[in-house]
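As stored in target.cif (mmCIF, C-alpha atoms):
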```
data_coords
loop_
_atom_site.label_atom_id
_atom_site.label_comp_id
_atom_site.auth_asym_id
_atom_site.auth_seq_id
_atom_site.Cartn_x
_atom_site.Cartn_y
_atom_site.Cartn_z
CA MET A 28 3.98 -83.93 6.02
CA GLU A 29 0.92 -82.68 4.18
CA ASN A 30 0.16 -78.96 4.60
CA LEU A 31 -3.20 -78.60 6.31
CA PRO A 32 -5.36 -75.46 6.03
CA LEU A 33 -5.49 -73.12 9.02
CA TYR A 34 -9.10 -74.06 9.44
CA ASP A 35 -11.44 -76.53 7.88
CA PRO A 36 -14.26 -74.69 6.07
CA ARG A 37 -16.42 -77.73 6.54
CA SER A 38 -16.24 -77.48 10.33
CA GLU A 39 -18.47 -75.20 12.41
CA ARG A 40 -15.45 -73.21 13.65
CA GLY A 41 -14.17 -72.74 10.14
CA GLN A 42 -17.52 -71.51 8.88
CA SER A 43 -17.70 -69.04 11.78
CA ARG A 44 -14.28 -67.60 10.88
CA TRP A 45 -15.24 -67.39 7.23
CA ARG A 46 -18.43 -65.44 8.06
CA LYS A 47 -16.44 -62.98 10.21
CA ALA A 48 -13.84 -62.43 7.48
CA THR A 49 -16.39 -61.89 4.73
CA GLY A 50 -18.44 -59.62 7.00
CA HIS A 51 -15.38 -57.43 7.70
CA ASN A 52 -14.59 -57.15 4.02
CA LEU A 53 -18.23 -56.29 3.31
CA ASN A 54 -18.13 -53.46 5.89
CA ARG A 55 -14.96 -52.06 4.34
CA THR A 56 -16.56 -52.16 0.92
CA ILE A 57 -19.66 -50.31 2.17
CA MET A 58 -17.52 -47.63 3.87
CA ARG A 59 -15.46 -47.13 0.71
CA GLN A 60 -18.62 -46.71 -1.35
CA ARG A 61 -19.99 -44.14 1.11
CA MET A 62 -16.75 -42.17 1.01
CA ASP A 63 -16.87 -42.20 -2.79
CA ILE A 64 -20.42 -40.85 -2.72
CA VAL A 65 -19.43 -38.06 -0.31
CA ALA A 66 -16.45 -37.12 -2.49
CA VAL A 67 -18.65 -36.97 -5.59
CA LEU A 68 -21.16 -34.76 -3.78
CA CYS A 69 -18.38 -32.41 -2.60
CA ILE A 70 -17.02 -32.08 -6.13
CA ALA A 71 -20.51 -31.47 -7.47
CA VAL A 72 -21.18 -28.70 -4.91
CA PHE A 73 -17.83 -27.10 -5.71
CA LEU A 74 -18.51 -27.15 -9.45
CA ILE A 75 -22.01 -25.74 -9.01
CA SER A 76 -20.68 -22.91 -6.81
CA THR A 77 -17.98 -22.15 -9.37
CA VAL A 78 -20.53 -21.94 -12.17
CA GLN A 79 -22.73 -19.63 -10.10
CA LEU A 80 -19.79 -17.37 -9.41
CA ALA A 81 -18.76 -17.40 -13.06
CA ILE A 82 -22.23 -16.24 -14.05
CA ALA A 83 -22.17 -13.34 -11.58
CA LEU A 84 -18.51 -12.33 -11.88
CA SER A 85 -15.67 -12.17 -14.34
CA ILE A 86 -13.23 -15.08 -14.45
CA PRO A 87 -10.36 -13.28 -12.62
CA GLU A 88 -12.70 -12.35 -9.77
CA VAL A 89 -13.90 -15.96 -9.51
CA TRP A 90 -10.39 -17.30 -9.14
CA SER A 91 -9.50 -14.54 -6.72
CA TYR A 92 -12.52 -15.37 -4.56
CA LEU A 93 -11.79 -19.11 -4.61
CA PHE A 94 -8.19 -18.39 -3.70
CA ARG A 95 -9.27 -16.30 -0.70
CA CYS A 96 -11.65 -19.05 0.39
CA TRP A 97 -8.97 -21.71 0.12
CA VAL A 98 -6.44 -19.65 2.09
CA SER A 99 -8.87 -18.59 4.81
CA THR A 100 -10.71 -21.93 5.12
CA PRO A 101 -9.05 -25.06 3.69
CA MET A 102 -12.48 -26.68 3.80
CA PHE A 103 -13.48 -24.52 0.85
CA LEU A 104 -16.99 -25.95 0.86
CA LYS A 105 -17.68 -23.68 3.84
CA CYS A 106 -17.32 -20.64 1.60
CA ARG A 107 -20.60 -19.08 0.64
CA ALA A 108 -21.40 -17.26 -2.56
CA ASP A 109 -23.66 -14.85 -0.73
CA LEU A 110 -21.45 -12.40 1.17
CA SER A 111 -23.89 -9.51 1.04
CA ILE A 112 -24.04 -9.41 4.85
CA THR A 113 -20.38 -8.41 5.04
CA GLU A 114 -19.13 -4.85 4.81
CA PRO A 115 -15.84 -3.75 3.22
CA SER A 116 -13.09 -3.04 5.70
CA TRP A 117 -9.38 -2.26 5.87
CA GLU A 118 -6.77 -4.55 7.33
CA GLY A 119 -3.12 -3.90 8.16
CA LEU A 120 -3.39 -0.09 8.30
CA LYS A 121 0.03 1.39 8.98
CA GLY A 122 2.02 4.54 8.38
CA GLY A 123 5.06 4.78 6.17
CA GLU A 124 8.43 4.14 7.72
CA HIS A 125 9.71 7.53 6.52
CA CYS A 126 8.16 10.97 6.17
CA LEU A 127 6.80 11.95 2.78
CA ARG A 128 7.40 15.69 3.24
CA TYR A 129 6.99 18.31 5.96
CA ALA A 130 4.40 17.14 8.55
CA THR A 131 3.17 14.48 6.12
CA ARG A 132 3.22 10.68 6.15
CA GLU A 133 1.74 8.11 3.80
CA TYR A 134 -0.55 5.38 5.16
CA THR A 135 -1.48 2.11 3.44
CA ALA A 136 -3.97 -0.71 4.07
CA LYS A 137 -5.39 -3.70 2.22
CA LEU A 138 -9.06 -3.79 1.27
CA ALA A 139 -10.93 -6.79 2.72
CA ASP A 140 -14.43 -8.31 2.74
CA VAL A 141 -15.52 -6.90 -0.61
CA PRO A 142 -19.05 -8.20 -1.37
CA LEU A 143 -19.29 -10.29 -4.52
CA GLY A 144 -20.42 -8.36 -7.54
CA GLN A 145 -18.95 -5.05 -6.36
CA ASP A 146 -16.08 -3.34 -8.17
CA SER A 147 -13.02 -3.51 -5.92
CA MET A 148 -11.51 -0.22 -7.10
CA ARG A 149 -14.79 1.64 -6.61
CA THR A 150 -15.21 0.04 -3.19
CA CYS A 151 -11.66 1.12 -2.33
CA LYS A 152 -12.51 4.75 -3.08
CA ASP A 153 -15.83 4.64 -1.20
CA THR A 154 -14.68 2.87 1.98
CA PRO A 155 -13.57 5.26 4.76
CA VAL A 156 -10.94 4.69 7.42
CA GLU A 157 -10.16 6.42 10.71
CA ILE A 158 -6.69 7.91 11.15
CA HIS A 159 -5.84 10.14 14.12
CA ASP A 160 -9.54 10.26 15.08
CA ARG A 161 -10.53 11.57 11.66
CA VAL A 162 -12.55 9.74 9.02
CA LEU A 163 -10.71 9.81 5.68
CA PHE A 164 -11.22 8.42 2.20
CA THR A 165 -8.38 7.15 0.06
CA ASP A 166 -6.24 9.55 -1.93
CA PHE A 167 -5.68 6.80 -4.49
CA CYS A 168 -6.04 3.02 -4.86
CA GLN A 169 -3.86 0.39 -6.50
CA ASP A 170 -4.69 -3.15 -7.61
CA LEU A 171 -1.60 -5.31 -7.03
CA GLY A 172 -3.03 -8.22 -8.99
CA PHE A 173 -4.09 -11.79 -8.32
CA GLY A 174 -3.58 -12.95 -4.75
CA ARG A 175 -2.29 -9.58 -3.50
CA GLY A 176 -5.52 -7.59 -3.57
CA VAL A 177 -6.42 -3.92 -3.73
CA TRP A 178 -4.57 -1.43 -1.52
CA GLY A 179 -5.58 2.06 -0.40
CA PHE A 180 -3.22 4.99 0.16
CA TRP A 181 -3.72 8.07 2.34
CA ILE A 182 -1.56 11.20 2.44
CA VAL A 183 -1.91 12.42 6.03
CA ASP A 184 -0.64 15.96 6.71
CA PHE A 185 -1.86 16.43 10.30
CA ASP A 186 -0.91 15.09 13.74
CA GLU A 187 2.47 13.84 12.52
CA PRO A 188 4.92 15.45 14.97
CA ASP A 189 7.81 13.20 13.94
CA CYS A 190 7.59 14.66 10.43
CA GLU A 191 7.46 18.29 11.54
CA THR A 192 10.96 19.51 10.76
CA ARG A 193 11.88 22.98 11.96
CA TRP A 194 14.61 25.55 11.51
CA GLY A 195 17.17 26.34 14.16
CA GLU A 196 18.68 29.74 14.82
CA PHE A 197 18.71 32.05 11.80
CA THR A 198 22.13 33.45 10.98
CA ASP A 199 22.82 36.57 8.91
CA VAL A 200 25.82 35.75 6.72
CA GLY A 201 25.97 39.17 5.01
CA CYS A 202 25.10 40.74 1.69
CA LEU A 203 25.48 39.20 -1.76
CA ASP A 204 24.46 39.79 -5.36
CA ALA A 205 21.38 37.81 -6.38
CA ILE A 206 18.69 37.65 -9.06
CA PRO A 207 15.33 37.17 -7.34
CA PRO A 208 13.07 34.55 -8.98
CA SER A 209 10.42 37.19 -9.66
CA VAL A 210 12.70 39.32 -11.84
CA ARG A 211 11.60 39.38 -15.49
CA VAL A 212 14.09 39.03 -18.34
CA ARG A 213 13.26 41.46 -21.14
CA THR A 214 14.09 40.65 -24.76
CA PHE A 215 14.59 43.31 -27.45
CA LEU A 216 14.65 42.48 -31.16
CA SER A 217 16.45 44.72 -33.67
CA PRO A 218 14.53 44.78 -37.02
CA LYS A 219 17.28 46.69 -38.93
CA THR A 220 19.93 44.01 -38.89
CA VAL A 221 20.10 40.85 -40.97
CA VAL A 222 21.32 38.84 -38.03
CA VAL A 223 18.75 38.84 -35.28
CA GLN A 224 20.26 40.20 -32.11
CA PHE A 225 18.91 39.66 -28.62
CA TYR A 226 19.60 42.03 -25.78
CA PHE A 227 18.99 40.95 -22.21
CA ILE A 228 18.53 43.33 -19.32
CA LEU A 229 19.02 41.63 -15.96
CA ILE A 230 17.89 43.44 -12.86
CA ILE A 231 20.44 42.56 -10.20
CA THR A 232 19.71 43.48 -6.62
CA LEU A 233 21.72 43.19 -3.44
CA CYS A 234 20.28 40.71 -0.95
CA GLN A 235 20.80 39.75 2.63
CA ARG A 236 21.52 36.04 3.03
CA ILE A 237 20.01 34.19 5.97
CA GLU A 238 20.96 30.59 6.80
CA SER A 239 19.62 28.06 9.31
CA ARG A 240 20.12 24.39 10.15
CA LEU A 241 17.24 21.94 9.64
CA GLU A 242 16.23 20.13 12.82
CA ASN A 243 14.08 17.08 13.72
CA LEU A 244 14.97 15.33 10.46
CA GLN A 245 14.13 11.63 10.86
CA PRO A 246 16.63 9.00 9.65
CA GLY A 247 15.72 7.67 6.23
CA SER A 248 13.58 10.64 5.22
CA SER A 249 14.63 12.55 2.10
CA TRP A 250 16.47 15.66 3.29
CA GLN A 251 15.82 17.38 -0.06
CA PHE A 252 12.03 17.00 0.20
CA MET A 253 11.96 17.83 3.89
CA CYS A 254 14.10 20.93 3.42
CA VAL A 255 12.20 22.49 0.50
CA THR A 256 8.81 21.88 2.17
CA THR A 257 9.66 23.22 5.64
CA PRO A 258 8.29 26.78 6.09
CA ALA A 259 10.03 29.58 7.96
CA ASP A 260 9.15 32.93 9.53
CA ILE A 261 11.98 35.45 9.23
CA TYR A 262 11.76 39.07 10.34
CA GLY A 263 7.98 38.95 10.32
CA HIS A 264 7.75 37.42 6.84
CA HIS A 265 6.51 33.90 6.11
CA PHE A 266 8.43 31.78 3.59
CA GLN A 267 6.91 28.53 2.34
CA THR A 268 10.26 27.26 1.08
CA PRO A 269 13.90 28.33 1.33
CA SER A 270 15.77 29.84 -1.60
CA GLU A 271 18.34 27.08 -1.38
CA CYS A 272 19.02 23.83 0.46
CA PHE A 273 22.51 22.42 0.86
CA LYS A 274 24.38 19.76 2.79
CA PRO A 275 27.91 20.89 3.61
CA GLY A 276 28.75 17.81 5.69
CA LYS A 277 27.61 14.26 6.15
CA SER A 278 24.66 14.89 8.42
CA GLU A 279 23.76 18.58 8.82
CA ILE A 280 21.28 20.16 6.41
CA TYR A 281 21.00 23.91 5.89
CA GLY A 282 18.49 26.22 4.26
CA ALA A 283 19.22 29.68 2.91
CA TRP A 284 16.99 32.66 2.15
CA ASN A 285 17.99 35.62 -0.03
CA LEU A 286 16.12 38.67 1.25
CA PRO A 287 16.23 41.92 -0.76
CA ASP A 288 17.81 44.55 1.49
CA SER A 289 18.42 48.18 0.51
CA SER A 290 20.98 48.54 3.26
CA CYS A 291 23.30 46.27 1.28
CA ASP A 292 23.85 49.00 -1.39
#
```
Written as structure tokens, that's how I'd like the structure from this file.
Amino acid sequence: MENLPLYDPRSERGQSRWRKATGHNLNRTIMRQRMDIVAVLCIAVFLISTVQLAIALSIPEVWSYLFRCWVSTPMFLKCRADLSITEPSWEGLKGGEHCLRYATREYTAKLADVPLGQDSMRTCKDTPVEIHDRVLFTDFCQDLGFGRGVWGFWIVDFDEPDCETRWGEFTDVGCLDAIPPSVRVRTFLSPKTVVVQFYFILIITLCQRIESRLENLQPGSSWQFMCVTTPADIYGHHFQTPSECFKPGKSEIYGAWNLPDSSCD
């Protein structure tokens, strides 16, 4: 049997189907052309914006800005070159997990919303932040490179009770021989001998040794730094640091003070 076409183009019904098919293809062609035009316009706008940024900024800043735009808004065409209405701010402000030293903790935050054309490091130094109801400027800034941004650091030595270590009961462990740090070592040179001889006179005094256990030490904090920076008041005298810090066991930390005492003679 002879294969007949699905429709006869010479018939009225066949011509109607042919017009519908060609019309559908024509609509698809028009839509494709419109999409191509829109894509070309988008690429042109992107290239023009890139050139404008390159004129105003250095190449690394351009790529950094485009990267931020792409991450924050995938439709990067929404990014605007004019960000002068924004003000620099800090995001992710948080205190360090451990204490830096006595009554001191380090805080960090990432600099955000830097207006185009401004130096990020200078903006980092000039942008304040509020910590414990006080307005502070950064102690130092660090640029972590492409994609990671500029970070600010603050050394906060107030309103940090968790970092305020203290001394327990002071114990008098008796007298001992000691050379106070302030004692000078004198050197005498004999000009009459061929071999140069040095004579040292050491002033040795008897001291009273006081010891105390360090308390309120937070886990993870350096016991050495916390010990040497914790002040003490002993017998009416203020000491900024102990004469010695030691750790006799696995957990307890002790400080010792050598106090000159004439009664130890």
Residues selected by the PyMOL selection byres ((chain A and resi 127) around 9), written as a list in words
Gly123, His125, Cys126, Arg128, Tyr129, Ala130, Thr131, Arg132, Glu133, Ile182, Cys190, Ser248, Ser249, Phe252 and Met253 of chain A
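Nearest residue to Pro258 of chain A among A:Ser278, A:Gln235, A:Thr192, A:Asn243 is A:Thr192, counting only C-alpha atoms.
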Residues within 10 Å of Glu271 of chain A, all atoms listed in the file, excluding chain neighbours under 6 positions, as a list in words
Glu238, Cys254, Val255, Tyr281, Gly282, Ala283, Trp284 and Asn285 of chain A
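Going from atom CA of Trp250 of chain A over to atom CA of Leu203 of chain A, you cover 25.7 Å.
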Which residues come within 7 Å of Pro155 of chain A, counting all atoms listed in the file, excluding same-chain residues fewer than 5 positions away, as a list in words?
Val162, Leu163 and Phe164 of chain A
Hey, can you spit out that residue selection with C-alpha atoms as a PDB file, in the frame of the given file?
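Output saved as result_38.pdb:
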```pdb
ATOM      1  CA  VAL A 162     -12.550   9.740   9.020  1.00  0.00           C
ATOM      2  CA  LEU A 163     -10.710   9.810   5.680  1.00  0.00           C
ATOM      3  CA  PHE A 164     -11.220   8.420   2.200  1.00  0.00           C
TER       4      PHE A 164
END
```
Can you translate the PyMOL selection byres ((chain A and resi 280) around 10) into the concrete residues it hits in this file, as an MDAnalysis selection string?
chainID A and resid 194 239:242 244 250:251 253:254 272:279 281:282
Expanded to explicit residues, what is the PyMOL selection byres ((chain A and resi 148) around 8) for this file, as a ChimeraX atom specification?
/A:146-147,149-152,168-170,177
Distance cut-off 7 Å, centre (19.7, 35.1, 8.3) in file coordinates, counting all atoms listed in the file: which residues qualify? Return them as a PyMOL selection string.
chain A and resi 197-200+236-238
Just to confirm, what's the straight-line distance from atom CA of Asp63 of chain A to atom CA of Ile75 of chain A in Å (one decimal)?
18.3 Å
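Atom CA of Val141 of chain A sits 18.9 Å away from atom CA of Asp166 of chain A.
Considering all atoms listed in the file, the residue among A:Cys234, A:Asp153, A:Ile158, A:His264 positioned nearest to Ser289 of chain A is A:Cys234.
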Thr165 of chain A: which residues within 6 Å, counting only C-alpha atoms, same-chain residues fewer than 6 positions away excluded, as a list in words?
Lys152, Gly179, Phe180 and Trp181 of chain A
Could you write out that same residue set with C-alpha atoms as a CSV table (one decimal), in the frame of the given file?
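Produced file selection.csv, reproduced below:
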```csv
chain,number,residue,atom,x,y,z
A,152,LYS,CA,-12.5,4.8,-3.1
A,179,GLY,CA,-5.6,2.1,-0.4
A,180,PHE,CA,-3.2,5.0,0.2
A,181,TRP,CA,-3.7,8.1,2.3
```
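Between Glu191 of chain A and the candidates A:Gly263, A:Pro142, A:Thr256, A:Lys121, the tightest atom-to-atom separation, counting all atoms listed in the file, involves A:Thr256.
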